[in-house]
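Student: Just structure_8.csv, nothing more (CSV, C-alpha atoms):
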```csv
chain,number,residue,atom,x,y,z
A,203,MET,CA,6.4,14.8,-6.4
A,204,ASP,CA,9.9,16.3,-7.0
A,205,LYS,CA,11.2,14.3,-4.0
A,206,ILE,CA,10.0,11.1,-5.6
A,207,PHE,CA,11.7,11.6,-8.9
A,208,LYS,CA,14.9,12.9,-7.2
A,209,ALA,CA,15.0,9.8,-5.1
A,210,LEU,CA,14.4,7.6,-8.1
A,211,ALA,CA,17.0,9.3,-10.2
A,212,ASP,CA,19.9,7.4,-8.5
A,213,SER,CA,20.8,3.8,-9.5
A,214,SER,CA,21.9,2.9,-6.0
A,215,ARG,CA,18.6,4.0,-4.5
A,216,ARG,CA,16.7,2.0,-7.2
A,217,LYS,CA,18.9,-1.0,-6.3
A,218,LEU,CA,17.8,-0.6,-2.7
A,219,LEU,CA,14.2,-0.5,-3.7
A,220,ASP,CA,14.8,-3.7,-5.8
A,221,HIS,CA,16.2,-5.4,-2.8
A,222,LEU,CA,13.2,-4.5,-0.7
A,223,ARG,CA,10.9,-5.7,-3.4
A,224,LYS,CA,12.6,-9.1,-3.4
A,225,GLN,CA,12.7,-9.2,0.4
A,226,ASN,CA,10.5,-6.7,2.2
A,227,GLY,CA,11.1,-5.6,5.7
A,228,GLN,CA,14.9,-5.4,6.1
A,229,LYS,CA,17.2,-3.8,8.7
A,230,LEU,CA,20.0,-1.5,7.7
A,231,GLY,CA,22.5,-4.2,8.4
A,232,ASP,CA,20.8,-6.7,6.1
A,233,LEU,CA,20.7,-4.1,3.3
A,234,CYS,CA,24.4,-3.3,3.7
A,235,ALA,CA,25.4,-6.9,3.6
A,236,ASP,CA,23.8,-7.4,0.1
A,237,LEU,CA,25.1,-4.2,-1.5
A,238,ASP,CA,28.5,-3.0,-2.4
A,239,MET,CA,28.1,0.3,-0.4
A,240,THR,CA,29.3,1.6,2.9
A,241,ARG,CA,26.9,1.6,5.8
A,242,GLN,CA,26.9,5.4,5.8
A,243,ALA,CA,26.1,5.5,2.1
A,244,VAL,CA,23.2,3.1,2.5
A,245,SER,CA,21.9,5.0,5.5
A,246,LYS,CA,22.0,8.3,3.5
A,247,HIS,CA,20.1,6.7,0.6
A,248,LEU,CA,17.5,5.2,2.9
A,249,LYS,CA,16.9,8.6,4.4
A,250,LEU,CA,16.2,10.2,1.0
A,251,LEU,CA,13.9,7.3,0.1
A,252,GLU,CA,12.1,7.7,3.4
A,253,GLU,CA,11.6,11.4,2.8
A,254,ALA,CA,10.2,10.7,-0.6
A,255,ASN,CA,7.8,8.2,1.1
A,256,LEU,CA,9.1,5.4,-1.2
A,257,ILE,CA,10.0,3.4,1.9
A,258,ALA,CA,8.1,3.0,5.1
A,259,ILE,CA,9.5,2.4,8.5
A,260,ILE,CA,8.3,0.2,11.3
A,261,TRP,CA,10.2,0.3,14.6
A,262,LYS,CA,11.0,-3.1,16.2
A,263,GLY,CA,12.4,-2.2,19.6
A,264,ARG,CA,15.3,0.2,18.7
A,265,GLU,CA,15.7,-1.0,15.2
A,266,LYS,CA,14.2,0.4,12.0
A,267,ILE,CA,12.7,-2.1,9.6
A,268,HIS,CA,12.5,-0.8,6.1
A,269,PHE,CA,9.6,-1.6,3.7
A,270,LEU,CA,9.0,-0.7,0.1
A,271,ASN,CA,6.0,1.7,-0.1
A,272,PRO,CA,4.4,1.3,-3.5
A,273,VAL,CA,1.8,4.0,-3.0
A,274,PRO,CA,3.7,7.0,-4.6
A,275,ILE,CA,4.5,5.0,-7.7
A,276,GLN,CA,0.9,4.0,-8.0
A,277,MET,CA,0.0,7.6,-8.0
A,278,ILE,CA,2.5,8.4,-10.7
A,279,SER,CA,0.9,5.7,-12.8
A,280,GLU,CA,-2.6,7.0,-12.1
A,281,ARG,CA,-1.6,10.5,-13.1
A,282,TRP,CA,-0.1,9.8,-16.5
A,283,ILE,CA,-1.5,6.6,-17.7
A,284,LYS,CA,-5.0,6.8,-19.1
A,285,ASN,CA,-7.7,4.3,-18.7
A,286,TYR,CA,-7.8,3.0,-22.2
A,287,GLU,CA,-4.0,2.8,-22.5
A,288,THR,CA,-3.4,0.4,-19.6
A,289,ARG,CA,-4.2,-2.9,-21.4
A,290,GLN,CA,-1.9,-2.0,-24.4
A,291,LEU,CA,0.9,-0.9,-22.1
A,292,GLY,CA,0.5,-4.1,-20.1
A,293,ALA,CA,0.9,-6.1,-23.4
A,294,ILE,CA,3.9,-4.1,-24.4
A,295,SER,CA,5.7,-4.5,-21.1
A,296,ASP,CA,4.9,-8.3,-21.2
A,297,LEU,CA,6.4,-8.5,-24.7
A,298,LYS,CA,9.5,-6.6,-23.6
A,299,ARG,CA,10.0,-8.9,-20.6
A,300,THR,CA,9.5,-12.0,-22.8
A,301,LEU,CA,11.9,-10.8,-25.5
A,302,GLU,CA,14.5,-9.7,-23.0
A,303,GLY,CA,14.3,-13.0,-21.1
A,304,GLU,CA,13.2,-11.7,-17.7
A,305,GLU,CA,10.7,-13.6,-15.7
B,249,MET,CA,4.8,-21.1,3.9
B,250,LYS,CA,6.5,-17.7,4.4
B,251,GLU,CA,4.9,-15.0,6.5
B,252,ASP,CA,5.4,-11.5,5.5
B,253,THR,CA,4.5,-7.9,6.3
B,254,PHE,CA,3.6,-5.2,3.9
B,255,VAL,CA,3.4,-1.5,4.7
B,256,TYR,CA,1.7,1.2,2.7
B,257,VAL,CA,1.9,4.9,3.6
B,258,THR,CA,0.3,8.0,2.2
B,259,PHE,CA,0.2,11.6,3.2
B,260,ILE,CA,-3.3,13.2,2.9
B,261,LYS,CA,-4.3,16.8,3.3
B,262,THR,CA,-7.1,16.3,5.7
B,263,THR,CA,-7.8,15.8,9.5
B,264,ALA,CA,-7.5,12.6,11.4
B,265,GLU,CA,-11.3,12.7,12.1
B,266,LYS,CA,-12.2,13.0,8.4
B,267,LEU,CA,-9.8,10.1,7.6
B,268,TRP,CA,-11.3,8.0,10.3
B,269,GLU,CA,-14.7,8.7,8.8
B,270,ALA,CA,-13.5,7.6,5.4
B,271,LEU,CA,-12.2,4.4,6.8
B,272,THR,CA,-15.3,3.5,8.7
B,273,ASN,CA,-18.2,4.9,6.8
B,274,SER,CA,-19.7,2.3,4.4
B,275,GLU,CA,-20.7,4.8,1.8
B,276,PHE,CA,-17.2,6.2,1.7
B,277,ILE,CA,-15.6,2.8,1.6
B,278,GLU,CA,-17.7,1.8,-1.4
B,279,LYS,CA,-16.1,4.6,-3.4
B,280,TYR,CA,-12.5,3.4,-3.0
B,281,TRP,CA,-12.8,-0.3,-2.2
B,282,PHE,CA,-13.7,-1.4,-5.7
B,283,GLY,CA,-17.5,-0.9,-5.0
B,284,SER,CA,-17.6,-3.3,-2.0
B,285,THR,CA,-19.7,-2.7,1.0
B,286,PHE,CA,-18.7,-3.5,4.6
B,287,GLU,CA,-20.9,-4.7,7.3
B,288,THR,CA,-19.7,-4.0,10.9
B,289,ASP,CA,-20.2,-1.6,13.8
B,290,TRP,CA,-16.4,-1.2,14.2
B,291,LYS,CA,-16.5,-2.2,17.9
B,292,VAL,CA,-13.9,-4.5,19.3
B,293,GLY,CA,-15.0,-8.1,19.1
B,294,SER,CA,-17.5,-7.4,16.3
B,295,LYS,CA,-17.4,-9.1,12.9
B,296,ILE,CA,-16.5,-7.3,9.7
B,297,ILE,CA,-17.9,-8.7,6.4
B,298,GLU,CA,-17.1,-7.4,2.9
B,299,THR,CA,-19.5,-7.9,0.1
B,300,ARG,CA,-18.2,-7.3,-3.4
B,301,ASP,CA,-20.2,-5.2,-5.9
B,302,THR,CA,-21.0,-8.4,-7.7
B,303,GLY,CA,-22.7,-9.7,-4.5
B,304,GLU,CA,-20.0,-12.3,-3.9
B,305,PRO,CA,-18.5,-12.5,-0.4
B,306,GLY,CA,-15.1,-10.8,0.0
B,307,PHE,CA,-13.0,-11.0,3.1
B,308,HIS,CA,-14.3,-11.3,6.6
B,309,GLY,CA,-12.7,-10.8,10.0
B,310,GLU,CA,-13.1,-9.5,13.5
B,311,ILE,CA,-12.4,-6.0,14.9
B,312,LEU,CA,-9.4,-6.4,17.2
B,313,GLU,CA,-8.6,-2.8,18.1
B,314,SER,CA,-10.6,0.4,17.5
B,315,GLU,CA,-9.3,3.8,18.8
B,316,PRO,CA,-10.9,6.6,16.8
B,317,PRO,CA,-9.3,8.5,15.2
B,318,ARG,CA,-5.9,6.9,15.5
B,319,ARG,CA,-5.8,3.2,15.2
B,320,LEU,CA,-7.9,0.4,13.7
B,321,VAL,CA,-7.0,-3.3,13.6
B,322,TYR,CA,-9.0,-6.2,12.2
B,323,SER,CA,-8.3,-9.8,11.1
B,324,PHE,CA,-8.5,-10.4,7.4
B,325,VAL,CA,-9.7,-13.8,6.3
B,326,VAL,CA,-10.3,-14.7,2.7
B,327,PRO,CA,-11.8,-18.2,2.3
B,328,GLY,CA,-9.1,-20.7,1.3
B,329,ARG,CA,-6.3,-18.5,2.5
B,330,GLU,CA,-4.3,-18.0,5.7
B,331,ALA,CA,-5.8,-15.5,8.1
B,332,SER,CA,-3.8,-12.2,8.2
B,333,LYS,CA,-4.1,-8.9,10.1
B,334,VAL,CA,-4.6,-5.3,8.9
B,335,THR,CA,-3.6,-2.3,11.0
B,336,TYR,CA,-4.5,1.3,10.1
B,337,GLU,CA,-2.5,4.0,11.9
B,338,ILE,CA,-3.3,7.7,11.6
B,339,ALA,CA,-0.9,10.4,12.6
B,340,SER,CA,-1.2,14.2,12.3
B,341,HIS,CA,1.6,16.4,11.0
B,342,GLY,CA,0.4,20.0,10.8
B,343,GLN,CA,-2.1,20.2,8.0
B,344,MET,CA,-1.3,16.7,6.8
B,345,VAL,CA,-2.2,13.3,8.1
B,346,THR,CA,-0.3,10.1,7.4
B,347,LEU,CA,-2.2,6.9,6.9
B,348,LYS,CA,-0.1,3.8,7.4
B,349,VAL,CA,-1.6,0.4,6.5
B,350,ILE,CA,0.3,-2.7,7.8
B,351,HIS,CA,-0.8,-6.0,6.4
B,352,ALA,CA,0.9,-8.7,8.4
B,353,GLY,CA,1.0,-12.5,8.4
B,354,TYR,CA,0.5,-12.8,4.7
B,355,ASP,CA,1.8,-15.8,2.8
B,356,LYS,CA,4.2,-14.1,0.3
B,357,ASP,CA,4.5,-17.1,-1.9
B,358,SER,CA,0.8,-17.4,-2.5
B,359,ALA,CA,-0.5,-16.6,-5.9
B,360,GLU,CA,-3.1,-14.2,-4.5
B,361,TYR,CA,-0.5,-12.1,-2.6
B,362,LYS,CA,0.4,-9.9,-5.6
B,363,SER,CA,-3.2,-8.9,-6.4
B,364,THR,CA,-3.8,-8.0,-2.7
B,365,SER,CA,-0.7,-6.0,-2.6
B,366,ASN,CA,-1.6,-4.0,-5.8
B,367,GLY,CA,-5.1,-3.7,-4.4
B,368,TRP,CA,-3.8,-1.9,-1.3
B,369,SER,CA,-1.9,0.7,-3.3
B,370,ALA,CA,-5.0,1.4,-5.4
B,371,ILE,CA,-7.2,1.7,-2.2
B,372,MET,CA,-4.7,4.1,-0.5
B,373,SER,CA,-4.5,6.2,-3.6
B,374,GLY,CA,-8.3,6.2,-3.8
B,375,ILE,CA,-8.7,7.4,-0.2
B,376,LYS,CA,-6.3,10.2,-0.8
B,377,THR,CA,-8.0,11.4,-4.0
B,378,LEU,CA,-11.4,11.2,-2.4
B,379,LEU,CA,-10.4,13.2,0.7
B,380,GLU,CA,-8.4,15.8,-1.2
B,381,THR,CA,-10.7,16.4,-4.1
B,382,GLY,CA,-14.1,15.1,-2.8
B,383,LYS,CA,-14.3,12.9,-5.9
B,384,PRO,CA,-13.7,9.2,-6.1
B,385,LEU,CA,-11.2,7.8,-8.7
B,386,ASP,CA,-13.0,6.7,-11.8
B,387,LYS,CA,-14.1,3.1,-10.9
B,388,ASP,CA,-13.2,1.7,-14.3
B,389,SER,CA,-9.7,3.1,-14.1
B,390,ILE,CA,-9.2,1.5,-10.8
B,391,TYR,CA,-10.4,-1.9,-12.1
B,392,ASP,CA,-8.2,-1.5,-15.2
B,393,LEU,CA,-5.1,-0.6,-13.3
B,394,PHE,CA,-5.8,-3.5,-10.9
B,395,GLY,CA,-6.2,-5.9,-13.8
B,396,ARG,CA,-3.1,-4.7,-15.5
B,397,LEU,CA,-0.9,-4.9,-12.5
B,398,ASN,CA,-1.9,-8.5,-11.8
```
Rewrite the coordinates I just gave you, this time as structure tokens.
Tutor:
Amino acid sequence: MDKIFKALADSSRRKLLDHLRKQNGQKLGDLCADLDMTRQAVSKHLKLLEEANLIAIIWKGREKIHFLNPVPIQMISERWIKNYETRQLGAISDLKRTLEGEE
Amino acid sequence: MKEDTFVYVTFIKTTAEKLWEALTNSEFIEKYWFGSTFETDWKVGSKIIETRDTGEPGFHGEILESEPPRRLVYSFVVPGREASKVTYEIASHGQMVTLKVIHAGYDKDSAEYKSTSNGWSAIMSGIKTLLETGKPLDKDSIYDLFGRLN
């Protein structure tokens, strides 16, 4: 669990996860093209995310394809969010999204 | 239509054999698959049919590969949707086992995609809890979470 929070504690790494959420299954090159980071930096961040199991890898020939793995985040949610709270929390986050103008 | 692949990975403190049993034993499946039961003999070429706890039909498909305790592949057809494919890969790492589920050929722009994706996360988490603690996740909490995430 420490690894997950450590990995999520960095805005560049969260940005990488956001990119994968928008378009799942990307190569290192694709991710570098979209982000204002060096290839080495992206590669380092991806390694940390992979160690935290927040991204999953599938090899296509000699290339790594990166996928967002939502399972650890699901487990965080199951651990701290109680049964009866989920509906209210859903309503609150819907309200926040509506007020802040996100989709 | 846009085809997409989704990958889910979890580490479980168990053996490959026990995990295979959890994936292919109908009594186990019922405990983490939202109360559904599966009808199949898990042999290549056989049909697989899901029945929901409400008695309604779920997905159906055909077993495409079956290599206990390492790899299981079946087609995944929900009436009215494009057929897709589910692959389970099991690998041992010392006292841990990784379970990787690959759901390929899914129409990402479909309205149902999101619920399926959230469903997989809940199923994977349920398998892990069941194998590590011997107890299933509370069914209501799975349903609630599933509903909320949709």
Student: What residues in chain A have any atom no more than 9 Å from chain B when counting only C-alpha atoms, and can you write them as a list of chain:residue names?
Tutor: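 Interface list for chain A against chain B: A:Asn226, A:Gly227, A:Asn255, A:Leu256, A:Ile257, A:Ala258, A:Ile259, A:Ile260, A:Phe269, A:Leu270, A:Asn271, A:Pro272, A:Val273, A:Pro274, A:Ile275, A:Gln276, A:Met277, A:Ser279, A:Glu280, A:Lys284, A:Asn285, A:Tyr286, A:Thr288, A:Arg289, A:Leu291, A:Gly292, A:Ala293.
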Student: One number please: CA of Trp268 in chain B to CA of His308 in chain B, in Å, one decimal.
Tutor: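 Separating CA of Trp268 in chain B from CA of His308 in chain B is a distance of 19.9 Å.
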Student: Could you state the separation of CA of Ser295 in chain A and CA of Trp282 in chain A in Å, given to one decimal place?
Tutor: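 CA of Ser295 in chain A sits 16.1 Å away from CA of Trp282 in chain A.
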Student: To one decimal place in Å, what is the distance between CA of Asp301 in chain B and CA of Glu275 in chain B?
Tutor: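 About the pair CA of Asp301 in chain B and CA of Glu275 in chain B: they are 12.6 Å apart.
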Student: Could you name the residues that touch Leu230 in chain A at 8 Å or less, counting only C-alpha atoms, but leaving out those on the same chain fewer than 6 positions away, as a list in words?
Tutor: Arg241, Val244, Ser245, Lys266, Ile267 and His268 of chain A
